[in-house]
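Student: Here's a structure for you.
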Amino acid sequence: MENITIEIEGMSCGGCTASVTRVLQAVAGVQSVQVTLNPGAAQIVFDAHQTSRALLENIIEDAGYAIKS
């Protein structure tokens, strides 16, 4: 299992964190997700054989949020 933190821009409320949590939990291989509003970030534990950081970042962007560079 891998444990990563992805910094996220554009979340402004609890609904945003719930939305990001929901889309990440739907990804095969994701074991756990914790999304915080301040600071905007997602801590994700996942199976690297089933998904990747790049895919998780794309899913967050598809949900309407930006990844901090």
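By order in the structure tokens, chains are A, B, ...; within a chain, residues start at 1; ligands start at 1, following the order shown.
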Using only C-alpha atoms, determine which residues lie at most 12 Å from Glu61 in chain A, disregarding the query and same-chain residues fewer than 4 positions distant; provide the list as an mmCIF file with N, CA, C and O atoms, in the first residue's frame.
Tutor:
data_model
loop_
_atom_site.group_PDB
_atom_site.id
_atom_site.type_symbol
_atom_site.label_atom_id
_atom_site.label_comp_id
_atom_site.auth_asym_id
_atom_site.auth_seq_id
_atom_site.Cartn_x
_atom_site.Cartn_y
_atom_site.Cartn_z
ATOM 1 N N ILE A 6 -2.139 14.664 -1.570
ATOM 2 C CA ILE A 6 -2.294 15.503 -2.752
ATOM 3 C C ILE A 6 -2.890 16.820 -2.292
ATOM 4 O O ILE A 6 -3.960 16.838 -1.668
ATOM 5 N N GLU A 7 -2.205 17.922 -2.583
ATOM 6 C CA GLU A 7 -2.713 19.242 -2.229
ATOM 7 C C GLU A 7 -3.703 19.688 -3.296
ATOM 8 O O GLU A 7 -3.429 19.581 -4.493
ATOM 9 N N ILE A 8 -4.849 20.224 -2.840
ATOM 10 C CA ILE A 8 -5.962 20.543 -3.739
ATOM 11 C C ILE A 8 -6.348 22.010 -3.573
ATOM 12 O O ILE A 8 -6.452 22.517 -2.452
ATOM 13 N N GLU A 9 -6.596 22.678 -4.703
ATOM 14 C CA GLU A 9 -7.084 24.058 -4.693
ATOM 15 C C GLU A 9 -8.529 24.078 -5.171
ATOM 16 O O GLU A 9 -8.928 23.252 -5.980
ATOM 17 N N GLY A 10 -9.293 25.046 -4.655
ATOM 18 C CA GLY A 10 -10.649 25.252 -5.154
ATOM 19 C C GLY A 10 -11.748 24.711 -4.270
ATOM 20 O O GLY A 10 -12.926 24.896 -4.578
ATOM 21 N N MET A 11 -11.405 24.046 -3.176
ATOM 22 C CA MET A 11 -12.440 23.572 -2.258
ATOM 23 C C MET A 11 -12.792 24.711 -1.314
ATOM 24 O O MET A 11 -11.900 25.358 -0.771
ATOM 25 N N SER A 19 -17.433 15.754 -1.808
ATOM 26 C CA SER A 19 -17.411 15.394 -3.225
ATOM 27 C C SER A 19 -16.085 14.749 -3.603
ATOM 28 O O SER A 19 -16.050 13.710 -4.276
ATOM 29 N N VAL A 20 -14.975 15.346 -3.161
ATOM 30 C CA VAL A 20 -13.657 14.786 -3.462
ATOM 31 C C VAL A 20 -13.510 13.415 -2.798
ATOM 32 O O VAL A 20 -13.022 12.465 -3.415
ATOM 33 N N VAL A 23 -15.536 10.756 -4.892
ATOM 34 C CA VAL A 23 -14.960 10.319 -6.169
ATOM 35 C C VAL A 23 -13.699 9.485 -5.959
ATOM 36 O O VAL A 23 -13.447 8.549 -6.710
ATOM 37 N N LEU A 24 -12.914 9.813 -4.931
ATOM 38 C CA LEU A 24 -11.697 9.036 -4.673
ATOM 39 C C LEU A 24 -12.018 7.652 -4.122
ATOM 40 O O LEU A 24 -11.373 6.672 -4.479
ATOM 41 N N ALA A 54 -1.081 9.691 -10.516
ATOM 42 C CA ALA A 54 -1.526 10.461 -11.682
ATOM 43 C C ALA A 54 -3.019 10.261 -11.935
ATOM 44 O O ALA A 54 -3.747 11.230 -12.214
ATOM 45 N N LEU A 55 -3.502 9.037 -11.830
ATOM 46 C CA LEU A 55 -4.924 8.769 -12.035
ATOM 47 C C LEU A 55 -5.764 9.450 -10.957
ATOM 48 O O LEU A 55 -6.800 10.056 -11.254
ATOM 49 N N LEU A 56 -5.315 9.377 -9.712
ATOM 50 C CA LEU A 56 -6.058 10.015 -8.619
ATOM 51 C C LEU A 56 -6.112 11.530 -8.812
ATOM 52 O O LEU A 56 -7.153 12.148 -8.588
ATOM 53 N N GLU A 57 -4.999 12.129 -9.253
ATOM 54 C CA GLU A 57 -4.990 13.569 -9.518
ATOM 55 C C GLU A 57 -5.952 13.916 -10.650
ATOM 56 O O GLU A 57 -6.679 14.910 -10.576
ATOM 57 N N TYR A 65 -11.674 20.413 -9.403
ATOM 58 C CA TYR A 65 -10.700 21.029 -8.501
ATOM 59 C C TYR A 65 -9.305 20.987 -9.123
ATOM 60 O O TYR A 65 -9.051 20.190 -10.012
ATOM 61 N N ALA A 66 -8.422 21.841 -8.646
ATOM 62 C CA ALA A 66 -7.065 21.925 -9.178
ATOM 63 C C ALA A 66 -6.083 21.292 -8.217
ATOM 64 O O ALA A 66 -6.258 21.354 -6.994
ATOM 65 N N ILE A 67 -5.031 20.724 -8.785
ATOM 66 C CA ILE A 67 -3.942 20.155 -7.989
ATOM 67 C C ILE A 67 -2.885 21.246 -7.817
ATOM 68 O O ILE A 67 -2.475 21.875 -8.796
ATOM 69 N N LYS A 68 -2.454 21.478 -6.579
ATOM 70 C CA LYS A 68 -1.377 22.453 -6.333
ATOM 71 C C LYS A 68 -0.073 21.889 -6.864
ATOM 72 O O LYS A 68 0.234 20.726 -6.639
#
Student: Report as a PDB file with N, CA and C atoms, in the first residue's frame all protein, DNA and RNA residues lying within 7 Å of Ala42 in chain A, evaluated on only C-alpha atoms, omitting residues in the same chain fewer than 2 positions from it.
Tutor:
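Once written, out.pdb looks like this:
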ATOM      1  N   THR A   5      -0.159  12.296  -0.064  1.00  0.00           N
ATOM      2  CA  THR A   5      -0.964  13.493   0.179  1.00  0.00           C
ATOM      3  C   THR A   5      -0.956  14.309  -1.103  1.00  0.00           C
ATOM      4  N   ILE A   6      -2.139  14.664  -1.570  1.00  0.00           N
ATOM      5  CA  ILE A   6      -2.294  15.503  -2.752  1.00  0.00           C
ATOM      6  C   ILE A   6      -2.890  16.820  -2.292  1.00  0.00           C
ATOM      7  N   GLU A   7      -2.205  17.922  -2.583  1.00  0.00           N
ATOM      8  CA  GLU A   7      -2.713  19.242  -2.229  1.00  0.00           C
ATOM      9  C   GLU A   7      -3.703  19.688  -3.296  1.00  0.00           C
ATOM     10  N   VAL A  33      -9.440   7.337   2.409  1.00  0.00           N
ATOM     11  CA  VAL A  33      -9.321   8.721   1.956  1.00  0.00           C
ATOM     12  C   VAL A  33      -9.688   9.628   3.119  1.00  0.00           C
ATOM     13  N   GLN A  34      -8.878  10.654   3.325  1.00  0.00           N
ATOM     14  CA  GLN A  34      -9.221  11.695   4.295  1.00  0.00           C
ATOM     15  C   GLN A  34      -8.955  13.037   3.611  1.00  0.00           C
ATOM     16  N   VAL A  35     -10.021  13.807   3.390  1.00  0.00           N
ATOM     17  CA  VAL A  35      -9.909  15.096   2.714  1.00  0.00           C
ATOM     18  C   VAL A  35     -10.144  16.199   3.735  1.00  0.00           C
ATOM     19  N   THR A  36      -9.243  17.200   3.738  1.00  0.00           N
ATOM     20  CA  THR A  36      -9.377  18.332   4.654  1.00  0.00           C
ATOM     21  C   THR A  36      -9.539  19.615   3.851  1.00  0.00           C
ATOM     22  N   ILE A  44      -4.410   9.794   0.952  1.00  0.00           N
ATOM     23  CA  ILE A  44      -4.969   8.609   0.308  1.00  0.00           C
ATOM     24  C   ILE A  44      -4.047   7.413   0.522  1.00  0.00           C
TER      25      ILE A  44
END
Student: Quick one: everything within 8 Å of Ala48 in chain A, counting only C-alpha atoms, minus sequence neighbours fewer than 4 positions away in the same chain. Send it as number ranges by chain.
Tutor: A: 1-2, 29, 52
Student: Can you work out the spacing between CA of Asp47 in chain A and CA of Ala26 in chain A in Å, to one decimal?
Tutor: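 That distance, rounded to one decimal, is 13.4 Å.
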Student: Using DSSP on the backbone, list every residue of range 2-66 of chain A that comes out as strand (DSSP E), and give them as number ranges by chain.
Tutor: A: 2-9, 30-36, 41-46, 66
Student: Using only C-alpha atoms, find the one residue out of A:Gly64, A:Phe46, A:Asn38, A:Ser69 that sits nearest to Gln25 in chain A.
Tutor: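 Closest to Gln25 in chain A of all the choices is A:Phe46.
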Student: Give me, please, the distance in Å between CA of Asn58 in chain A and CA of Gly14 in chain A, quoted to one decimal.
Tutor: 20.9 Å
Student: Nearest to Ala41 in chain A: which of A:Ile4, A:Val27, A:Ala63, A:Gly15 is it, counting only C-alpha atoms?
Tutor: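 The answer is A:Ile4, which sits nearest to Ala41 in chain A.
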Student: Could you jot down the CA of Ile60 in chain A to CA of Gln31 in chain A separation for me, Å, one decimal place?
Tutor: 16.4 Å
